[in-house]
Structures are given as structure tokens and as C-alpha cells.
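**Q** Quick one: the structure is below, questions incoming.
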Amino acid sequence: MTQPFSEQSLSIASEPPIILGITGSVAAYKAAELARLWVKSGRAVDVVMTENACRFVTPLTMQALSGRPVCQDLWRASEDGMRHISLSRSAAAIVVAPTSADFLARLAQGRADDLLAALCLARECPLFVAPAMNRQMWFNPATQRNVAQLVADGVTLLGPDYGEMACGESGEGRMLSPQAIVDAVVRWLRNASSASAILARRRVLITAGPTFETIDAVRGLTNRSSGKMGFALADAAARAGADVTLVAGPVNQPTPMGVARIDVTSAAQMADAVFSRAEQTDVFIGVAAVADFTPTNIIDDKIKKDKNEILTLTLAPTVDILDELGRRAPHIFRVGFAAETQNLAQFGEEKRRRKKLPLLIVNHAAEAFSSDENEVLLLDDHGQHPLPKMSKRALATRLIEEIAQRIDS
Ligand SMILES: Cc1cc2nc3c(=O)[nH]c(=O)nc-3n(C[C@H](O)[C@H](O)[C@H](O)COP(=O)(O)O)c2cc1C
């Protein structure tokens, strides 16, 4: 017979466990099937329930199905005393299914007022949410704002589905089926772990942001690159276990954890920073929007305005970092980015061939520079591979997987 709320753990699998979070939705009964499917697939499941989830399904049911103690209380003493942190350290992922509208709001705000919310905030592993709610709740602008924030923060959204609901209405808001949730999480973990296996300890050098070409003491030439895509890629590569160095132009972005950052200003400085590390680099990802031209002479003082005079700037081409790196260090796997405003596939493919790149990622300049989302086209020797629009963080994870696959092939 199972011991309700037993603190004894019954380990059933060698793979790291999944934390199954359950919140107060009428779909909570489906979490029982979800736990059963995980266990059947050979994964251990640690169930963590909110207080309101326990009104819909009993911890006893979840303990019986998972074969492990169910955690509910942030304040309950545990052996290590810090369960809100320690529980997620050994987990492969946290999957909150169902996720209530209220829990989405708490997650988006970064609250930590119960065990599940605290675990999500303190996690190091990926977080998946499977919303389940009435369609009006789902389409309410507040919920949509919270979901957009969570996706921008790197949380993976599973569903919701379309169909009949417990409230008698039908529409979008139903929880995805337990099998679809398991399949999506397994696929995600498999891709992430194969990227990690390939990239572990590889030395990845990434450039990000714009460059600034000085004209005089106060003016310069630059562009609208925010650096978000390059920083997200550096973060994703570091999470995949790579040894990452990020050469950043003038941007206002926090340095991702575990990434070595080198700040530069001009295209020439960026080129120097890259070339000086060529010998210690296995993979180069050129995301920076490097100036193509730079003033031929820099004026030390501020140029004075003369309303009767037309000022002429003389510009010289800068060094092409991707091209030159290919010549200097042919051992490096080089990935290029191209921002175009028209004929994306054609101009991208011309650039890829010119620079002899195994992979070029082309995107629309307007979106690439300003938005938190991006839609890209991958170009390689096998043709064109479009990816759907997604947050730059989600895209970075996907691109690191795509790069890893091509390194391995
Ligand atoms: C019968 C009943 C069914 C509910 N179903 C849902 C639901 O499907 N989705 C949802 O977001 N909230 C639902 N709620 C509201 C949540 O339970 C409520 O917002 C609660 O505070 C969520 O708590 P939790 O997120 O901490 O678990 C329901 C409430 C009741 C009384």
C-alpha cells in the first residue's frame, strides 16, 4: 500500500526526473494520465501541486500514480531545508499541466509565493506550461500579455488546444492531450540533449550588436541592431555546454550566465577581437551587424556646422570578418547571418556561396533589428529551410540545435 505524503522516494528510472506541476484548473484530472504516461515511458515524476490543485485532484492519487511523494508546502521541513531550490536541480524539466490563468500571471510576474512558483523561479532546467482555461480567460488581453512575457522569458508554451470545455463552451483554451504533452517534451529534450552532446566543451565565438564608426569627437555611423539575437544565441550555446565567447558591439544587454564577454566599438576592433581568438575557436557565429564602411579619417574635435557648406564624408570598406576568418582559419565551422529587406532567399544564397558558408541564416532587416520575435530562413547545401516566427530566445535554442546537427553531419 502506498504511504500518503511519505517523504521516502521511490526511484524508478535512471534518467533525471520530470517535475509535474499541477494548478487549480478543472483539467487537473488529466494530470493523473500525464503522470501515468511519464512513468510508463520510464521517467520518474516528482509531482508538485498548488493548494488549489488539491481541490480538483488528490495528492494521494498523484502519489499512487507517480510512486513518489507529492510536494505541496513551501514551509514543510525537508532533509535539505531548501526544497524550493533543490528539487529542480536534478530535474530534466518542469512541466506545469494544467497551468491556470492565475498561475500564468504569477509566473509572468516572477512570484514565489508557493512551492511550485518558487521552484519555477529558482529553476535551472527548461519550463513548459500547458494552459487550460475557458476561452474568454485565454483570450483576455491580460492572459495574452502574460503568455507573451513568458515566451519572451524562454518558457515553452504547449497548446492550448481547441474544442469543447468543461464549462459547456467550446473554443481555444483546452489543455493539450497528455500524450501530446509527453511527445512535445520528449522531442524537445531529445533535441536539446543531442545539441549538448555535440557542443559540449566546443569553443564557440559569437559576435553581436552593431558597430560604431567614429566620425568626429561626438558623432559616428551605426545601425539599429539591438544585439538580442546574438546574446540569446550565446545563452543557448552556453546552456548546451559550449565554451562561449561573445564579442559585443555597443549594446545594452546583460551578459548571459557562463559567457565570456568582450566589448568592442568599431568594425576594426570587432575584427581584431575575432581574429585574435581564431586558433581557440571551433564554431563562429557572426550575428553582429558590422558596418560595411568606415570614415577614412577621424576628426579629433567636433566638426562645426557651417550652413553654407556641404559636408562630404569619405568612407572606405571595412574588413569582412566572416570572409577573412574563413581564409585565416579554415578549420572553423562558420555560420553567417544576413538581414535583407527584399529577395531574402536569393540575396542570402548569393552571400552564402560568396563566403563559402555551410549555413547562413537570413531574416528581414526590420524584424531582425527591432523586434523580440524573428522569422528566419536557413540556407545550406541542401536548400532552404524556413522556421516559423518565434521569440528570439526560442529561436536561439532551435538554431543551436540546427548548428549542432550540421557540425555533426
Ligand atoms: C470549478 C472551478 C474550475 C476552474 N477551472 C479553471 C480552469 O480550467 N482554468 C483556470 O485558469 N482557472 C480555473 N479556475 C479558477 C482557479 O482555480 C483559480 O484562479 C485559482 O486561484 C488558481 O489557483 P492556482 O493557480 O494557485 O492553482 C476554476 C475554479 C473553479 C472553482
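Residue names in the C-alpha cells use chain letters A, B, ... in the order shown, residue numbers from 1 in each chain, and ligand numbers from 1 in the order shown.
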Any idea what's packed within 10 Å of stretch 342-352 of chain A, counting only C-alpha atoms, ignoring anything in its chain fewer than 6 positions away? Could you give it as a PyMOL selection string?

**A** chain A and resi 335-336+358-365+376-381+383-384+386

**Q** For ligand 1, collect every residue having any atom at a distance of at most 7 Å from a ligand atom (counting only C-alpha atoms and all ligand atoms); output as a PDB file with C-alpha atoms, in the first residue's frame.

**A**
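The resulting file, result-v7.pdb, is reproduced below:
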ATOM      1  CA  THR A  23      -2.509  24.059 -10.681  1.00  0.00           C
ATOM      2  CA  GLY A  24      -6.178  24.760  -9.942  1.00  0.00           C
ATOM      3  CA  SER A  25      -7.934  24.006 -13.206  1.00  0.00           C
ATOM      4  CA  VAL A  26     -10.786  21.637 -13.873  1.00  0.00           C
ATOM      5  CA  ALA A  27      -8.378  19.884 -16.275  1.00  0.00           C
ATOM      6  CA  THR A  50      -0.655  24.192  -5.667  1.00  0.00           C
ATOM      7  CA  GLU A  51      -3.099  24.383  -2.781  1.00  0.00           C
ATOM      8  CA  ASN A  52      -5.958  24.921  -5.245  1.00  0.00           C
ATOM      9  CA  ALA A  53      -4.898  21.981  -7.424  1.00  0.00           C
ATOM     10  CA  THR A  99      -1.494  25.796 -15.951  1.00  0.00           C
ATOM     11  CA  SER A 100      -4.259  28.073 -14.664  1.00  0.00           C
ATOM     12  CA  ALA A 101      -4.658  31.680 -15.811  1.00  0.00           C
ATOM     13  CA  ASP A 102      -3.721  32.746 -12.303  1.00  0.00           C
ATOM     14  CA  PHE A 103      -0.516  30.708 -12.331  1.00  0.00           C
ATOM     15  CA  ALA A 132      -6.116  25.118 -19.557  1.00  0.00           C
ATOM     16  CA  MET A 133      -8.955  27.589 -19.163  1.00  0.00           C
ATOM     17  CA  ASN A 134     -12.189  28.936 -20.517  1.00  0.00           C
TER      18      ASN A 134
END

**Q** In Å to one decimal, how far is atom CA of A:Ser193 from atom CA of A:Leu205?

**A**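 Distance between the two atoms: 20.8 Å.
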
**Q** Looking at A:Thr207, A:Ile22, A:Val47, A:Arg261, which one is nearest to A:Ala130, with distances taken over only C-alpha atoms?

**A** A:Ile22

**Q** Counting only C-alpha atoms, which residue out of A:Leu119, A:Ala97, A:Ala28, A:Cys54 sits closest to A:Leu157?

**A** A:Ala97

**Q** So which residues of stretch 164-369 of chain A fall under helix (DSSP H, G or I) by DSSP, listed as a PDB file with C-alpha atoms, in the first residue's frame?

**A**
ATOM      1  CA  PRO A 178      -1.498  14.252 -22.035  1.00  0.00           C
ATOM      2  CA  GLN A 179       0.035  12.213 -24.881  1.00  0.00           C
ATOM      3  CA  ALA A 180       0.688  15.353 -26.973  1.00  0.00           C
ATOM      4  CA  ILE A 181       2.352  16.992 -23.944  1.00  0.00           C
ATOM      5  CA  VAL A 182       4.613  13.992 -23.311  1.00  0.00           C
ATOM      6  CA  ASP A 183       5.538  13.785 -27.020  1.00  0.00           C
ATOM      7  CA  ALA A 184       6.382  17.511 -27.247  1.00  0.00           C
ATOM      8  CA  VAL A 185       8.520  17.488 -24.095  1.00  0.00           C
ATOM      9  CA  VAL A 186      10.339  14.271 -25.068  1.00  0.00           C
ATOM     10  CA  ARG A 187      11.086  15.677 -28.550  1.00  0.00           C
ATOM     11  CA  TRP A 188      12.352  18.946 -27.031  1.00  0.00           C
ATOM     12  CA  LEU A 189      14.582  17.162 -24.510  1.00  0.00           C
ATOM     13  CA  ARG A 190      15.950  14.783 -27.153  1.00  0.00           C
ATOM     14  CA  ASN A 191      16.931  17.677 -29.467  1.00  0.00           C
ATOM     15  CA  ALA A 192      18.444  19.635 -26.581  1.00  0.00           C
ATOM     16  CA  SER A 193      20.455  16.673 -25.353  1.00  0.00           C
ATOM     17  CA  SER A 194      21.817  15.829 -28.800  1.00  0.00           C
ATOM     18  CA  ALA A 195      22.835  19.508 -29.235  1.00  0.00           C
ATOM     19  CA  SER A 196      24.510  19.326 -25.807  1.00  0.00           C
ATOM     20  CA  ALA A 197      26.321  16.119 -26.709  1.00  0.00           C
ATOM     21  CA  ILE A 198      27.713  17.728 -29.865  1.00  0.00           C
ATOM     22  CA  LEU A 199      28.528  21.170 -28.472  1.00  0.00           C
ATOM     23  CA  LYS A 228      19.193  40.459 -28.704  1.00  0.00           C
ATOM     24  CA  MET A 229      19.624  37.623 -31.224  1.00  0.00           C
ATOM     25  CA  GLY A 230      23.370  37.269 -30.680  1.00  0.00           C
ATOM     26  CA  PHE A 231      23.031  37.396 -26.898  1.00  0.00           C
ATOM     27  CA  ALA A 232      20.212  34.816 -27.000  1.00  0.00           C
ATOM     28  CA  LEU A 233      22.433  32.544 -29.126  1.00  0.00           C
ATOM     29  CA  ALA A 234      25.332  32.944 -26.704  1.00  0.00           C
ATOM     30  CA  ASP A 235      22.995  31.981 -23.855  1.00  0.00           C
ATOM     31  CA  ALA A 236      21.629  28.952 -25.746  1.00  0.00           C
ATOM     32  CA  ALA A 237      25.125  27.769 -26.736  1.00  0.00           C
ATOM     33  CA  ALA A 238      26.344  28.098 -23.131  1.00  0.00           C
ATOM     34  CA  ARG A 239      23.294  26.145 -21.897  1.00  0.00           C
ATOM     35  CA  ALA A 267      34.266  47.089 -37.007  1.00  0.00           C
ATOM     36  CA  ALA A 268      38.067  47.068 -36.893  1.00  0.00           C
ATOM     37  CA  GLN A 269      38.071  46.313 -33.142  1.00  0.00           C
ATOM     38  CA  MET A 270      35.495  43.568 -33.663  1.00  0.00           C
ATOM     39  CA  ALA A 271      37.626  42.030 -36.419  1.00  0.00           C
ATOM     40  CA  ASP A 272      40.745  42.152 -34.204  1.00  0.00           C
ATOM     41  CA  ALA A 273      38.883  40.523 -31.303  1.00  0.00           C
ATOM     42  CA  VAL A 274      37.680  37.710 -33.577  1.00  0.00           C
ATOM     43  CA  PHE A 275      40.953  37.086 -35.436  1.00  0.00           C
ATOM     44  CA  ALA A 278      40.668  32.185 -34.263  1.00  0.00           C
ATOM     45  CA  GLU A 279      43.089  29.489 -33.097  1.00  0.00           C
ATOM     46  CA  GLN A 280      40.967  28.811 -29.998  1.00  0.00           C
ATOM     47  CA  ILE A 321      35.052  39.294 -40.774  1.00  0.00           C
ATOM     48  CA  LEU A 322      33.309  36.099 -41.953  1.00  0.00           C
ATOM     49  CA  ASP A 323      35.229  36.008 -45.222  1.00  0.00           C
ATOM     50  CA  GLU A 324      38.613  36.806 -43.746  1.00  0.00           C
ATOM     51  CA  LEU A 325      38.127  34.314 -40.893  1.00  0.00           C
ATOM     52  CA  GLY A 326      37.449  31.578 -43.482  1.00  0.00           C
ATOM     53  CA  ARG A 327      40.767  32.354 -45.145  1.00  0.00           C
ATOM     54  CA  ARG A 328      42.763  32.591 -41.907  1.00  0.00           C
ATOM     55  CA  LEU A 344      15.728  37.181 -48.862  1.00  0.00           C
ATOM     56  CA  ALA A 345      16.375  33.724 -50.298  1.00  0.00           C
ATOM     57  CA  GLN A 346      18.211  34.936 -53.420  1.00  0.00           C
ATOM     58  CA  PHE A 347      20.416  37.565 -51.743  1.00  0.00           C
ATOM     59  CA  GLY A 348      21.051  35.208 -48.818  1.00  0.00           C
ATOM     60  CA  GLU A 349      22.122  32.327 -51.040  1.00  0.00           C
ATOM     61  CA  GLU A 350      24.420  34.612 -53.059  1.00  0.00           C
ATOM     62  CA  LYS A 351      26.078  35.735 -49.828  1.00  0.00           C
ATOM     63  CA  ARG A 352      26.389  32.148 -48.559  1.00  0.00           C
ATOM     64  CA  ARG A 353      28.112  30.990 -51.748  1.00  0.00           C
ATOM     65  CA  ARG A 354      30.358  34.057 -51.938  1.00  0.00           C
ATOM     66  CA  ALA A 365      16.044  43.603 -41.560  1.00  0.00           C
ATOM     67  CA  ALA A 366      13.074  45.370 -39.898  1.00  0.00           C
ATOM     68  CA  GLU A 367      12.219  42.388 -37.708  1.00  0.00           C
ATOM     69  CA  ALA A 368      15.802  41.347 -37.090  1.00  0.00           C
ATOM     70  CA  PHE A 369      16.753  44.725 -35.634  1.00  0.00           C
TER      71      PHE A 369
END

**Q** In Å, rounded to a single decimal, give me how far atom CA of A:Arg123 is from atom CA of A:Leu60.

**A**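 Answer for the atom CA of A:Leu60 to atom CA of A:Arg123 separation: 25.6 Å.
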
**Q** Would you mind listing what lies within 12 Å of A:Gly163 as a PyMOL selection string, with only C-alpha atoms counted and same-chain residues fewer than 2 positions away left out?

**A** chain A and resi 132-135+159-161+165-177

**Q** Would you mind listing, for every residue of stretch 277-395 of chain A within 12 Å of stretch 147-153 of chain A, the two atoms forming the shortest contact and the distance between them in Å to one decimal, using only C-alpha atoms, sorted by chain and ascending residue number, as a Markdown table?

**A**
| residue | atom | partner | partner_atom | distance |
| --- | --- | --- | --- | --- |
| A:Ser371 | CA | A:Ala152 | CA | 10.9 |
| A:Asp372 | CA | A:Ala152 | CA | 7.2 |
| A:Glu373 | CA | A:Ala152 | CA | 8.2 |
| A:Asn374 | CA | A:Ala152 | CA | 11.5 |
| A:Met390 | CA | A:Val151 | CA | 8.7 |
| A:Ser391 | CA | A:Ala152 | CA | 5.8 |
| A:Lys392 | CA | A:Ala152 | CA | 7.5 |
| A:Arg393 | CA | A:Ala152 | CA | 6.6 |
| A:Ala394 | CA | A:Val151 | CA | 7.8 |
| A:Leu395 | CA | A:Ala152 | CA | 10.6 |

**Q** Between atom CA of A:Ala93 and atom CA of A:Ile18, what is the distance, to one decimal in Å?

**A** 5.3 Å

**Q** Can you pull out every residue from stretch 226-262 of chain A that DSSP, working from the backbone, puts in strand (DSSP E), and format the result as a ChimeraX atom specification?

**A** /A:243-248,260-262

**Q** Could those selected residues go to a file with N, CA and C atoms, as a compact mmCIF listing (two decimals), in the first residue's frame?

**A**
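Saved as out.txt:
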# COMPACT_ATOMS: atom_id res chain seq x y z
N ASP A 243 31.75 26.30 -24.71
CA ASP A 243 32.61 27.28 -24.07
C ASP A 243 32.48 28.56 -24.93
N VAL A 244 31.69 29.52 -24.45
CA VAL A 244 31.25 30.61 -25.34
C VAL A 244 31.96 31.94 -25.06
N THR A 245 32.45 32.56 -26.13
CA THR A 245 32.98 33.93 -26.04
C THR A 245 32.10 34.81 -26.93
N LEU A 246 31.68 35.94 -26.37
CA LEU A 246 30.77 36.84 -27.09
C LEU A 246 31.48 38.17 -27.30
N VAL A 247 31.66 38.55 -28.57
CA VAL A 247 32.25 39.84 -28.88
C VAL A 247 31.09 40.78 -29.19
N ALA A 248 30.88 41.77 -28.31
CA ALA A 248 29.68 42.60 -28.41
C ALA A 248 30.02 44.03 -28.79
N ALA A 260 31.87 34.40 -21.70
CA ALA A 260 32.94 35.40 -21.59
C ALA A 260 32.65 36.51 -22.60
N ARG A 261 32.58 37.75 -22.12
CA ARG A 261 32.18 38.86 -23.00
C ARG A 261 33.34 39.82 -23.25
N ILE A 262 33.47 40.22 -24.52
CA ILE A 262 34.48 41.23 -24.88
C ILE A 262 33.73 42.38 -25.55
